[in-house]
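Raw upload-v3.cif, mmCIF, C-alpha atoms and all ligand atoms:
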data_final
loop_
_atom_site.label_atom_id
_atom_site.label_comp_id
_atom_site.auth_asym_id
_atom_site.auth_seq_id
_atom_site.Cartn_x
_atom_site.Cartn_y
_atom_site.Cartn_z
CA MET F 1 8.82 -16.22 14.75
CA SER F 2 12.56 -15.97 15.46
CA SER F 3 13.61 -14.67 18.84
CA SER F 4 15.07 -11.41 17.49
CA ALA F 5 11.87 -10.70 15.53
CA ASP F 6 9.98 -11.56 18.67
CA LEU F 7 12.00 -8.97 20.58
CA GLU F 8 11.27 -6.33 17.94
CA HIS F 9 7.62 -6.79 18.80
CA ARG F 10 8.01 -6.40 22.53
CA TRP F 11 6.68 -3.02 23.44
CA SER F 12 9.34 -2.08 26.01
CA TYR F 13 12.19 -3.27 23.79
CA ARG F 14 10.83 -1.30 20.89
CA ARG F 15 10.28 1.82 22.95
CA ALA F 16 13.85 1.62 24.28
CA ARG F 17 15.29 1.05 20.83
CA VAL F 18 13.47 3.99 19.27
CA THR F 19 14.37 6.25 22.21
CA ARG F 20 18.05 5.25 21.88
CA GLU F 21 18.12 5.86 18.13
CA PHE F 22 16.38 9.18 18.58
CA GLY F 23 19.04 10.24 21.09
CA GLN F 24 21.83 9.14 18.76
CA GLN F 25 20.41 10.94 15.73
CA PHE F 26 19.04 14.12 17.26
CA GLY F 27 19.84 14.25 20.99
CA GLY F 28 17.10 14.41 23.65
CA VAL F 29 14.01 12.25 23.91
CA PRO F 30 10.87 12.19 21.73
CA SER F 31 7.78 13.95 23.07
CA VAL F 32 5.18 12.61 20.62
CA TRP F 33 4.59 8.92 19.84
CA VAL F 34 2.13 7.74 17.19
CA ARG F 35 1.44 4.40 15.55
CA ALA F 36 -0.46 3.12 12.53
CA PRO F 37 -1.07 -0.57 11.71
CA GLY F 38 -0.65 -2.53 8.50
CA ARG F 39 -3.55 -4.55 7.20
CA VAL F 40 -4.46 -7.79 5.55
CA ASP F 41 -7.53 -8.44 3.45
CA LEU F 42 -9.57 -11.52 4.34
CA MET F 43 -11.70 -11.26 1.18
CA GLY F 44 -12.05 -8.85 -1.72
CA SER F 45 -8.95 -8.74 -3.93
CA HIS F 46 -8.92 -5.84 -6.41
CA THR F 47 -12.49 -4.92 -5.54
CA ASP F 48 -11.57 -1.53 -4.06
CA TYR F 49 -10.89 0.37 -7.27
CA ASN F 50 -13.97 -1.28 -8.78
CA LEU F 51 -15.97 0.37 -5.97
CA GLY F 52 -16.94 -2.98 -4.46
CA CYS F 53 -16.64 -4.29 -0.92
CA VAL F 54 -13.63 -5.66 0.88
CA LEU F 55 -13.18 -7.44 4.20
CA THR F 56 -10.03 -6.22 5.86
CA VAL F 57 -8.35 -6.21 9.28
CA ALA F 58 -5.76 -3.92 10.86
CA ILE F 59 -2.95 -6.04 12.31
CA ASP F 60 -0.62 -5.79 15.28
CA ARG F 61 2.37 -5.15 13.02
CA ASP F 62 2.66 -1.44 12.59
CA THR F 63 4.76 1.68 12.09
CA TRP F 64 5.69 3.93 14.99
CA ILE F 65 6.89 7.51 14.69
CA ALA F 66 8.50 9.18 17.70
CA ALA F 67 9.19 12.89 17.30
CA THR F 68 9.83 16.34 18.73
CA PRO F 69 8.77 19.60 17.04
CA ARG F 70 11.31 22.08 15.64
CA ALA F 71 10.80 25.81 15.32
CA ASP F 72 12.75 26.31 12.05
CA GLY F 73 10.42 24.52 9.57
CA CYS F 74 13.01 21.84 8.90
CA ALA F 75 12.18 18.10 9.15
CA ARG F 76 14.69 15.35 9.83
CA VAL F 77 13.39 11.78 9.68
CA PHE F 78 15.39 8.66 10.45
CA SER F 79 14.16 5.23 9.32
CA SER F 80 15.25 2.70 11.89
CA ASN F 81 14.47 -0.11 9.45
CA LEU F 82 16.61 1.28 6.63
CA GLN F 83 19.08 3.11 8.91
CA GLN F 84 18.71 6.17 6.69
CA LEU F 85 18.27 9.82 7.55
CA ALA F 86 16.26 12.16 5.32
CA ARG F 87 15.89 15.95 5.57
CA PHE F 88 13.46 18.36 4.00
CA GLU F 89 11.74 21.70 4.53
CA VAL F 90 8.07 21.45 5.49
CA ALA F 91 7.27 24.33 3.08
CA THR F 92 8.66 22.41 0.08
CA ALA F 93 7.99 18.86 1.26
CA ALA F 94 6.63 17.55 -2.06
CA ALA F 95 9.91 18.16 -3.90
CA GLY F 96 12.90 15.84 -3.79
CA GLU F 97 14.15 12.41 -4.77
CA ARG F 98 11.95 9.35 -5.11
CA ASN F 99 13.16 7.76 -1.88
CA TRP F 100 11.34 6.19 1.05
CA ASP F 101 10.87 9.60 2.66
CA ARG F 102 8.50 10.59 -0.16
CA TYR F 103 5.75 8.86 1.85
CA VAL F 104 6.40 11.20 4.77
CA ARG F 105 6.94 14.30 2.60
CA GLY F 106 3.82 13.49 0.59
CA VAL F 107 1.54 13.49 3.60
CA VAL F 108 3.10 16.63 5.07
CA ALA F 109 2.69 18.42 1.71
CA VAL F 110 -0.89 17.26 1.06
CA LEU F 111 -2.02 18.13 4.60
CA GLU F 112 -0.29 21.52 4.38
CA ARG F 113 -2.24 22.27 1.18
CA GLU F 114 -5.48 21.44 3.00
CA GLY F 115 -4.64 23.87 5.78
CA PHE F 116 -3.34 21.31 8.30
CA ARG F 117 -0.03 22.98 8.93
CA SER F 118 2.87 21.28 10.60
CA PRO F 119 5.91 22.69 12.36
CA GLY F 120 9.28 21.19 11.54
CA PHE F 121 10.20 18.02 13.44
CA ASP F 122 12.85 15.44 14.25
CA ALA F 123 11.48 11.92 13.99
CA VAL F 124 12.40 8.25 14.13
CA VAL F 125 10.29 5.81 12.09
CA HIS F 126 10.24 2.18 13.21
CA GLY F 127 8.10 -0.49 11.57
CA THR F 128 7.45 -4.18 12.27
CA LEU F 129 5.84 -4.87 8.90
CA PRO F 130 7.77 -6.52 6.10
CA LEU F 131 8.28 -3.80 3.48
CA ALA F 132 6.69 -4.28 0.06
CA SER F 133 5.03 -7.62 0.85
CA GLY F 134 1.42 -6.56 0.50
CA LEU F 135 0.69 -5.81 4.17
CA SER F 136 0.63 -2.10 3.47
CA SER F 137 3.72 -0.81 5.19
CA SER F 138 3.38 2.21 2.89
CA ALA F 139 -0.07 3.19 4.19
CA SER F 140 1.02 2.53 7.75
CA LEU F 141 3.83 5.04 7.15
CA THR F 142 1.56 7.63 5.52
CA VAL F 143 -1.14 7.26 8.18
CA ALA F 144 1.42 7.44 11.00
CA THR F 145 2.70 10.64 9.40
CA GLY F 146 -0.86 11.98 9.28
CA LYS F 147 -1.26 11.22 12.99
CA LEU F 148 2.06 12.94 13.67
CA VAL F 149 0.93 16.11 11.89
CA GLU F 150 -2.33 16.01 13.88
CA GLU F 151 -0.37 15.84 17.13
CA LEU F 152 2.30 18.39 16.24
CA GLY F 153 -0.08 20.87 14.63
CA GLY F 154 -2.92 20.45 17.15
CA HIS F 155 -5.36 19.33 14.41
CA GLU F 156 -8.21 16.87 14.47
CA ILE F 157 -8.77 15.47 11.00
CA ASP F 158 -11.92 13.52 10.16
CA PRO F 159 -10.82 9.86 9.77
CA LEU F 160 -12.22 9.35 6.28
CA ARG F 161 -10.77 12.65 5.12
CA LEU F 162 -7.38 11.63 6.48
CA ALA F 163 -7.65 8.32 4.61
CA ARG F 164 -8.39 10.14 1.34
CA LEU F 165 -5.51 12.56 1.93
CA CYS F 166 -3.05 9.74 2.67
CA GLN F 167 -4.19 8.03 -0.52
CA ARG F 168 -3.67 11.28 -2.41
CA ALA F 169 -0.15 11.61 -1.00
CA GLU F 170 0.71 8.12 -2.22
CA ASN F 171 -0.94 8.70 -5.62
CA GLU F 172 0.33 12.19 -6.35
CA VAL F 173 3.59 12.63 -4.49
CA VAL F 174 4.96 9.07 -4.35
CA GLY F 175 3.38 8.17 -7.71
CA VAL F 176 1.78 4.83 -6.75
CA PRO F 177 -1.81 4.34 -7.97
CA CYS F 178 -3.03 2.71 -4.72
CA GLY F 179 -6.65 2.62 -3.60
CA VAL F 180 -8.20 4.06 -0.46
CA LEU F 181 -8.46 0.64 1.20
CA ASP F 182 -5.00 0.63 2.77
CA PRO F 183 -5.18 3.95 4.66
CA CYS F 184 -8.82 3.28 5.58
CA SER F 185 -7.95 -0.07 7.16
CA SER F 186 -5.08 1.48 9.09
CA ILE F 187 -7.29 4.29 10.42
CA LEU F 188 -10.61 2.51 11.09
CA GLY F 189 -9.42 -0.85 12.50
CA ARG F 190 -11.03 -2.19 15.66
CA ALA F 191 -9.43 -4.93 17.80
CA GLY F 192 -11.07 -8.34 17.33
CA HIS F 193 -13.21 -7.13 14.42
CA ALA F 194 -13.00 -7.33 10.65
CA MET F 195 -14.03 -4.27 8.64
CA LEU F 196 -16.55 -4.76 5.89
CA LEU F 197 -15.68 -1.70 3.89
CA ASP F 198 -17.82 -0.46 1.04
CA CYS F 199 -15.38 1.30 -1.27
CA ARG F 200 -18.15 3.20 -3.05
CA ASN F 201 -19.11 5.32 -0.04
CA LEU F 202 -16.45 4.24 2.52
CA GLU F 203 -19.12 2.95 4.90
CA CYS F 204 -17.49 0.59 7.36
CA ASP F 205 -19.28 -2.19 9.19
CA HIS F 206 -17.21 -3.71 12.02
CA ARG F 207 -17.91 -7.43 12.28
CA HIS F 208 -16.79 -9.61 15.14
CA VAL F 209 -14.49 -12.51 14.25
CA SER F 210 -14.98 -15.78 16.15
CA GLU F 211 -12.41 -16.05 18.92
CA GLU F 212 -11.82 -19.69 18.03
CA LEU F 213 -10.15 -18.56 14.83
CA THR F 214 -6.96 -16.62 14.22
CA VAL F 215 -5.17 -15.10 11.24
CA VAL F 216 -1.81 -16.25 9.88
CA VAL F 217 0.11 -14.29 7.27
CA ALA F 218 2.28 -16.40 4.98
CA ASP F 219 4.94 -14.43 3.16
CA THR F 220 6.31 -16.27 0.10
CA ARG F 221 9.30 -13.91 0.24
CA VAL F 222 9.01 -13.62 -3.52
CA ALA F 223 9.37 -9.95 -4.45
CA ARG F 224 6.35 -8.34 -6.07
CA GLU F 225 8.44 -7.12 -8.97
CA LEU F 226 5.72 -6.82 -11.55
CA ALA F 227 3.15 -5.69 -9.02
CA THR F 228 3.05 -2.01 -9.95
CA SER F 229 2.89 -2.44 -13.73
CA LYS F 230 0.50 -5.40 -13.60
CA TYR F 231 -1.70 -3.60 -11.09
CA GLY F 232 -2.06 -0.75 -13.58
CA GLU F 233 -2.82 -3.26 -16.34
CA ARG F 234 -5.58 -4.93 -14.31
CA ARG F 235 -7.13 -1.57 -13.47
CA ALA F 236 -7.13 -0.64 -17.16
CA GLU F 237 -8.71 -3.99 -18.08
CA CYS F 238 -11.51 -3.42 -15.59
CA GLU F 239 -12.07 0.07 -16.98
CA GLU F 240 -12.24 -1.40 -20.48
CA GLY F 241 -14.80 -3.93 -19.23
CA VAL F 242 -16.90 -1.12 -17.77
CA ARG F 243 -16.67 0.88 -21.02
CA GLN F 244 -17.87 -2.05 -23.11
CA LEU F 245 -20.56 -3.17 -20.66
CA SER F 246 -21.95 0.35 -20.40
CA ARG F 247 -23.05 0.20 -24.07
CA PRO F 248 -25.75 -2.45 -23.55
CA LEU F 249 -26.12 -1.42 -19.88
CA PRO F 250 -26.41 2.37 -19.72
CA GLY F 251 -25.76 3.77 -16.26
CA VAL F 252 -22.97 1.31 -15.50
CA THR F 253 -19.98 3.33 -14.31
CA SER F 254 -18.06 0.68 -12.37
CA LEU F 255 -18.06 -3.11 -12.04
CA ARG F 256 -19.92 -2.58 -8.78
CA ASP F 257 -22.95 -1.66 -10.86
CA VAL F 258 -22.97 -5.02 -12.66
CA ASP F 259 -24.51 -8.02 -10.93
CA ARG F 260 -23.80 -11.61 -11.87
CA ASP F 261 -26.94 -12.15 -13.98
CA ARG F 262 -26.49 -9.03 -16.06
CA PHE F 263 -22.83 -9.85 -16.51
CA GLU F 264 -23.55 -13.40 -17.70
CA ARG F 265 -26.05 -12.04 -20.24
CA HIS F 266 -23.42 -9.77 -21.79
CA ARG F 267 -20.06 -11.47 -21.17
CA SER F 268 -19.90 -13.02 -24.65
CA GLN F 269 -19.62 -9.51 -26.12
CA LEU F 270 -16.35 -8.89 -24.27
CA PRO F 271 -12.88 -10.04 -25.33
CA PRO F 272 -12.22 -13.28 -23.36
CA HIS F 273 -9.47 -11.90 -21.11
CA ILE F 274 -11.53 -8.81 -20.19
CA ALA F 275 -14.50 -11.07 -19.43
CA ARG F 276 -12.33 -13.17 -17.09
CA ARG F 277 -11.12 -10.07 -15.21
CA CYS F 278 -14.64 -8.72 -14.81
CA SER F 279 -15.99 -12.10 -13.76
CA PHE F 280 -13.42 -12.37 -10.97
CA VAL F 281 -14.15 -8.90 -9.58
CA ILE F 282 -17.93 -9.43 -9.64
CA GLU F 283 -17.66 -12.86 -7.95
CA GLU F 284 -15.07 -11.65 -5.45
CA HIS F 285 -17.27 -8.71 -4.41
CA GLY F 286 -20.08 -11.25 -3.90
CA ARG F 287 -17.89 -13.30 -1.53
CA VAL F 288 -17.13 -10.47 0.88
CA ARG F 289 -20.33 -10.33 2.92
CA PRO F 290 -20.66 -14.15 3.15
CA MET F 291 -17.06 -14.28 4.42
CA ALA F 292 -17.78 -11.70 7.13
CA GLU F 293 -20.80 -13.75 8.22
CA ALA F 294 -18.91 -17.05 8.12
CA LEU F 295 -16.05 -15.62 10.24
CA GLU F 296 -18.52 -14.27 12.76
CA ARG F 297 -20.28 -17.65 13.05
CA GLY F 298 -17.04 -19.64 12.89
CA ASP F 299 -18.46 -21.56 9.91
CA ARG F 300 -15.32 -23.46 8.84
CA LYS F 301 -16.82 -25.20 5.82
CA ARG F 302 -18.08 -21.94 4.32
CA ILE F 303 -14.81 -20.10 5.03
CA ARG F 304 -12.84 -22.81 3.25
CA GLU F 305 -15.16 -22.83 0.26
CA LEU F 306 -15.05 -19.02 -0.11
CA CYS F 307 -11.26 -18.96 0.20
CA GLU F 308 -10.83 -21.73 -2.36
CA HIS F 309 -13.04 -19.94 -4.87
CA SER F 310 -11.20 -16.68 -4.24
CA PHE F 311 -7.79 -18.23 -4.85
CA ALA F 312 -8.95 -20.17 -7.92
CA GLY F 313 -10.39 -16.97 -9.40
CA ALA F 314 -7.21 -15.03 -8.66
CA ARG F 315 -5.16 -17.74 -10.35
CA ASP F 316 -7.31 -18.56 -13.37
CA GLU F 317 -9.33 -15.43 -14.08
CA TYR F 318 -7.51 -12.43 -12.65
CA GLU F 319 -4.09 -14.07 -13.20
CA ILE F 320 -2.28 -12.49 -10.29
CA CYS F 321 -0.72 -15.66 -8.84
CA VAL F 322 2.91 -16.66 -9.30
CA PRO F 323 4.21 -20.23 -8.71
CA ALA F 324 5.40 -19.48 -5.15
CA MET F 325 1.87 -18.38 -4.26
CA GLU F 326 0.48 -21.68 -5.58
CA ALA F 327 3.04 -23.60 -3.50
CA MET F 328 2.11 -21.61 -0.41
CA PHE F 329 -1.61 -22.07 -1.05
CA ALA F 330 -1.10 -25.85 -1.26
CA ALA F 331 0.96 -25.89 1.96
CA LEU F 332 -1.61 -23.82 3.86
CA SER F 333 -4.54 -25.84 2.53
CA GLU F 334 -3.05 -29.25 3.35
CA THR F 335 -1.89 -28.49 6.88
CA PRO F 336 -4.13 -29.62 9.76
CA GLY F 337 -5.60 -26.70 11.70
CA GLY F 338 -5.95 -24.57 8.57
CA VAL F 339 -9.50 -23.47 7.83
CA GLY F 340 -9.00 -21.53 4.59
CA ALA F 341 -6.25 -19.73 2.68
CA ARG F 342 -6.13 -17.19 -0.12
CA GLN F 343 -4.02 -14.44 -1.68
CA ALA F 344 -3.49 -11.22 0.26
CA GLY F 345 -2.95 -7.77 -1.20
CA ALA F 346 -2.51 -7.29 -4.92
CA GLY F 347 -0.77 -10.62 -5.68
CA PHE F 348 2.20 -11.19 -8.04
CA GLY F 349 4.21 -12.54 -5.09
CA GLY F 350 4.17 -11.30 -1.51
CA CYS F 351 1.81 -12.75 1.08
CA LEU F 352 -1.10 -15.13 1.45
CA VAL F 353 -3.46 -15.14 4.42
CA ALA F 354 -4.84 -18.16 6.26
CA ILE F 355 -7.67 -18.53 8.75
CA VAL F 356 -6.50 -21.02 11.35
CA GLU F 357 -7.85 -22.77 14.46
CA ARG F 358 -6.50 -20.66 17.32
CA GLY F 359 -5.76 -23.74 19.43
CA ALA F 360 -3.62 -25.30 16.69
CA VAL F 361 -1.79 -22.25 15.38
CA ASP F 362 1.77 -23.02 16.51
CA ALA F 363 1.76 -26.53 15.08
CA PHE F 364 0.07 -25.19 11.94
CA MET F 365 2.80 -22.61 11.32
CA ARG F 366 5.60 -25.12 11.88
CA ASP F 367 4.05 -27.75 9.65
CA ALA F 368 2.97 -25.38 6.86
CA SER F 369 6.44 -23.73 6.81
CA ARG F 370 8.04 -27.11 6.42
CA ARG F 371 5.68 -28.10 3.61
CA PHE F 372 6.26 -24.85 1.74
CA ALA F 373 10.05 -25.05 2.06
CA ALA F 374 10.03 -28.68 0.86
CA ALA F 375 7.86 -27.90 -2.17
CA TRP F 376 9.34 -24.52 -3.12
CA GLY F 377 12.98 -25.05 -2.16
CA GLN F 378 13.19 -21.82 -0.17
CA GLU F 379 11.90 -20.70 3.18
CA GLY F 380 8.81 -18.55 3.47
CA SER F 381 7.88 -16.63 6.59
CA LEU F 382 4.72 -17.44 8.52
CA PHE F 383 3.46 -15.42 11.45
CA GLU F 384 0.26 -15.07 13.40
CA VAL F 385 -1.28 -11.61 13.57
CA GLN F 386 -3.78 -10.23 16.05
CA ILE F 387 -6.62 -8.07 14.78
CA ALA F 388 -5.63 -4.65 16.08
CA GLN F 389 -6.98 -1.21 16.80
CA GLY F 390 -6.55 1.52 14.16
CA ALA F 391 -3.98 4.32 14.22
CA GLY F 392 -3.47 6.60 17.21
CA ARG F 393 -1.03 7.47 19.95
CA VAL F 394 1.36 4.81 21.21
CA GLU F 395 -0.21 4.17 24.59
CA GLU F 396 1.82 3.93 27.76
CA ARG F 397 2.34 0.40 29.03
CA SER F 398 3.98 -0.75 32.19
P1 LIG F 401 3.56 -2.42 1.00
O1 LIG F 401 2.73 -1.22 1.25
O2 LIG F 401 2.78 -3.61 0.56
O3 LIG F 401 4.47 -2.77 2.13
P2 LIG F 401 4.72 -0.68 -0.97
O4 LIG F 401 5.64 -0.94 -2.11
O5 LIG F 401 3.43 -0.02 -1.25
O6 LIG F 401 4.50 -2.09 -0.24
O7 LIG F 401 5.46 0.21 0.12
C1 LIG F 401 6.72 -0.14 0.62
C2 LIG F 401 7.60 1.09 0.74
O8 LIG F 401 7.15 1.94 1.81
C3 LIG F 401 9.03 0.76 1.10
O9 LIG F 401 9.77 0.37 -0.03
C4 LIG F 401 9.50 2.11 1.67
O10 LIG F 401 9.80 3.01 0.65
C5 LIG F 401 8.26 2.62 2.40
N1 LIG F 401 8.32 2.27 3.84
C6 LIG F 401 7.39 1.62 4.57
N2 LIG F 401 7.76 1.49 5.86
C7 LIG F 401 8.98 2.08 5.98
C8 LIG F 401 9.90 2.27 7.06
N3 LIG F 401 9.67 1.81 8.28
N4 LIG F 401 11.06 2.94 6.78
C9 LIG F 401 11.30 3.41 5.54
N5 LIG F 401 10.48 3.24 4.49
C10 LIG F 401 9.32 2.60 4.69
MG MG F 402 1.60 -0.15 -0.20
#
Go through the file and emit its structure as structure tokens.
Ligand code: ADP
Ligand code: MG
Amino acid sequence: MSSSADLEHRWSYRRARVTREFGQQFGGVPSVWVRAPGRVDLMGSHTDYNLGCVLTVAIDRDTWIAATPRADGCARVFSSNLQQLARFEVATAAAGERNWDRYVRGVVAVLEREGFRSPGFDAVVHGTLPLASGLSSSASLTVATGKLVEELGGHEIDPLRLARLCQRAENEVVGVPCGVLDPCSSILGRAGHAMLLDCRNLECDHRHVSEELTVVVADTRVARELATSKYGERRAECEEGVRQLSRPLPGVTSLRDVDRDRFERHRSQLPPHIARRCSFVIEEHGRVRPMAEALERGDRKRIRELCEHSFAGARDEYEICVPAMEAMFAALSETPGGVGARQAGAGFGGCLVAIVERGAVDAFMRDASRRFAAAWGQEGSLFEVQIAQGAGRVEERS
């Protein structure tokens, strides 16, 4: 991590920076401070909208919002990352241009509709997540906004309800067809634990991760340009698979309902590309629980095997890997200290995630960065993340 990025992460530096920007934009000092983390999935790509399981962690890169209430129903929000100021009326928050502030407006509007009213506010948003790289900066912004409305309005919103409402804001007001996984991870995270989340009923099982292992995020820095359109295409292909499988298998309403054996008996009736998509999702769902168990036990061999199968399936069956992801996968897999590596988020560029020996992590990041840059011709960005607590107030630190 470069020294300036390192500084951004230092709590006191960050607090001072946000306070200064708040003073410059609005005058005075903020009275309410909330934070919401990003997330990375350790297993379970594209299983969420197929109502399967996913293994996810909240990370210590997050979005902070520092704010004061206003009495006039007006909201002014400054993004420290983009150096842009947005304004809107709380009463008409859903209207307006399709800019970054739609994430904030969306949550305010959706919560307002549900009876969680908010006063106006002045706010500074500051995030330490790379934007649009698959670590869910968008959900960390929506969830932080939800926490802000809770604080300003004096509400207590059930965590799962808040997750659904943040998802709705992103779906309906921003117009991105994201799943519930991202806001759930940001809200439910527990330090040192992975969340085994069942996307059918949102049951969350917190599983300890061996302290000998740590998590490294490897950003290819290749923009996920096709991500939104291809994401929609994959969702539609899964739905088509469900439609066709439900003919011989009545009662099947999602890929979650189809186990491996039943799928193998009927896969020949599906068009080949639909069969490949379904096969990946069914296998990937089946890898989630074993991965949670292997991480808990520190079972390196099993972690590596599961990660390799996950990446191979993403590349060959779900077809969400671009060449930079393959180069990064090779670099992460060949570097000593690496236990396993796979795609993170939706794919089509963005980040990979590696499980790494904690004692070897600095050398691992140096070596793997070098290998990637040599093979790909451009620098990636590798950084270790700690498994963090879910969203809440920014706590005082000395
Ligand atoms: P991801 O969630 O993987 O980071 P998305 O494309 O879903 O990628 O969301 C990224 C978008 O979220 C950004 O382009 C921006 O509009 C918004 N966003 C997230 N964090 C911030 C921030 N700190 N300031 C302004 N906009 C932000
Ligand atoms: Mg997002």
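With distances restricted to all atoms listed in the file, F:Ala346 is the closest residue to Gly232 of chain F from F:Thr92, F:Ser45, F:Leu255, F:Ala346.
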Do you have, as CSV, the list of residues of chain F lying at most 10 Å from ligand MG 402 (chain F), each with its nearest atom pair and that distance in Å to one decimal, counting all atoms listed in the file and ordered by chain then number?
residue,atom,partner,partner_atom,distance
F:Gly38,CA,F:MG402,MG,9.3
F:Leu131,CA,F:MG402,MG,8.5
F:Ala132,CA,F:MG402,MG,6.6
F:Ser133,CA,F:MG402,MG,8.3
F:Gly134,CA,F:MG402,MG,6.5
F:Leu135,CA,F:MG402,MG,7.2
F:Ser136,CA,F:MG402,MG,4.3
F:Ser137,CA,F:MG402,MG,5.8
F:Ser138,CA,F:MG402,MG,4.3
F:Ala139,CA,F:MG402,MG,5.8
F:Ser140,CA,F:MG402,MG,8.4
F:Leu141,CA,F:MG402,MG,9.3
F:Thr142,CA,F:MG402,MG,9.7
F:Glu170,CA,F:MG402,MG,8.6
F:Val176,CA,F:MG402,MG,8.2
F:Pro177,CA,F:MG402,MG,9.6
F:Cys178,CA,F:MG402,MG,7.1
F:Gly179,CA,F:MG402,MG,9.3
F:Asp182,CA,F:MG402,MG,7.3
F:Pro183,CA,F:MG402,MG,9.3
F:Gly345,CA,F:MG402,MG,8.9
F:Ala346,CA,F:MG402,MG,9.5
Practice problem: Find, counting all atoms listed in the file, the residue in F:Leu188, F:Ala344, F:Ala163, F:Ala95 that gets nearest to Asp205 of chain F. | Solution: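 Among the listed residues, F:Leu188 lies closest to Asp205 of chain F.
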Practice problem: For each of F:Asn201, F:Ser310, F:Thr228, F:Gln244, take the minimum atom-to-atom distance to ligand LIG 401 (chain F), counting all atoms listed in the file, then give the residue where this is smallest. | Solution: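 Selected residue with least distance to ligand LIG 401 (chain F): F:Thr228.
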Practice problem: Pick out the residues sitting within 10 Å of Leu352 of chain F, and hand them over as a ChimeraX atom specification; count only C-alpha atoms, and ignore anything fewer than 5 positions along from it in its own chain. | Solution: /F:40-42,133-135,216-220,311,325-326,328-329,332,341-345,347,382
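Between atom CA of Pro69 of chain F and atom CA of Val110 of chain F the interatomic distance comes to 18.8 Å.
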Give the padded box for segment 33-39 of chain F as lines of an AutoDock Vina configuration file: axis-aligned, covering all atoms listed in the file, 6 Å on each side, centre and edge lengths in Å to one decimal.
center_x = 0.5
center_y = 2.2
center_z = 13.5
size_x = 20.1
size_y = 25.5
size_z = 24.6
Practice problem: Write out as a PyMOL selection string each polymer residue whose atoms come within 12 Å of Leu82 of chain F, counting only C-alpha atoms; drop sequence neighbours fewer than 5 positions from it. | Solution: chain F and resi 77+99-101+124-127+130-131
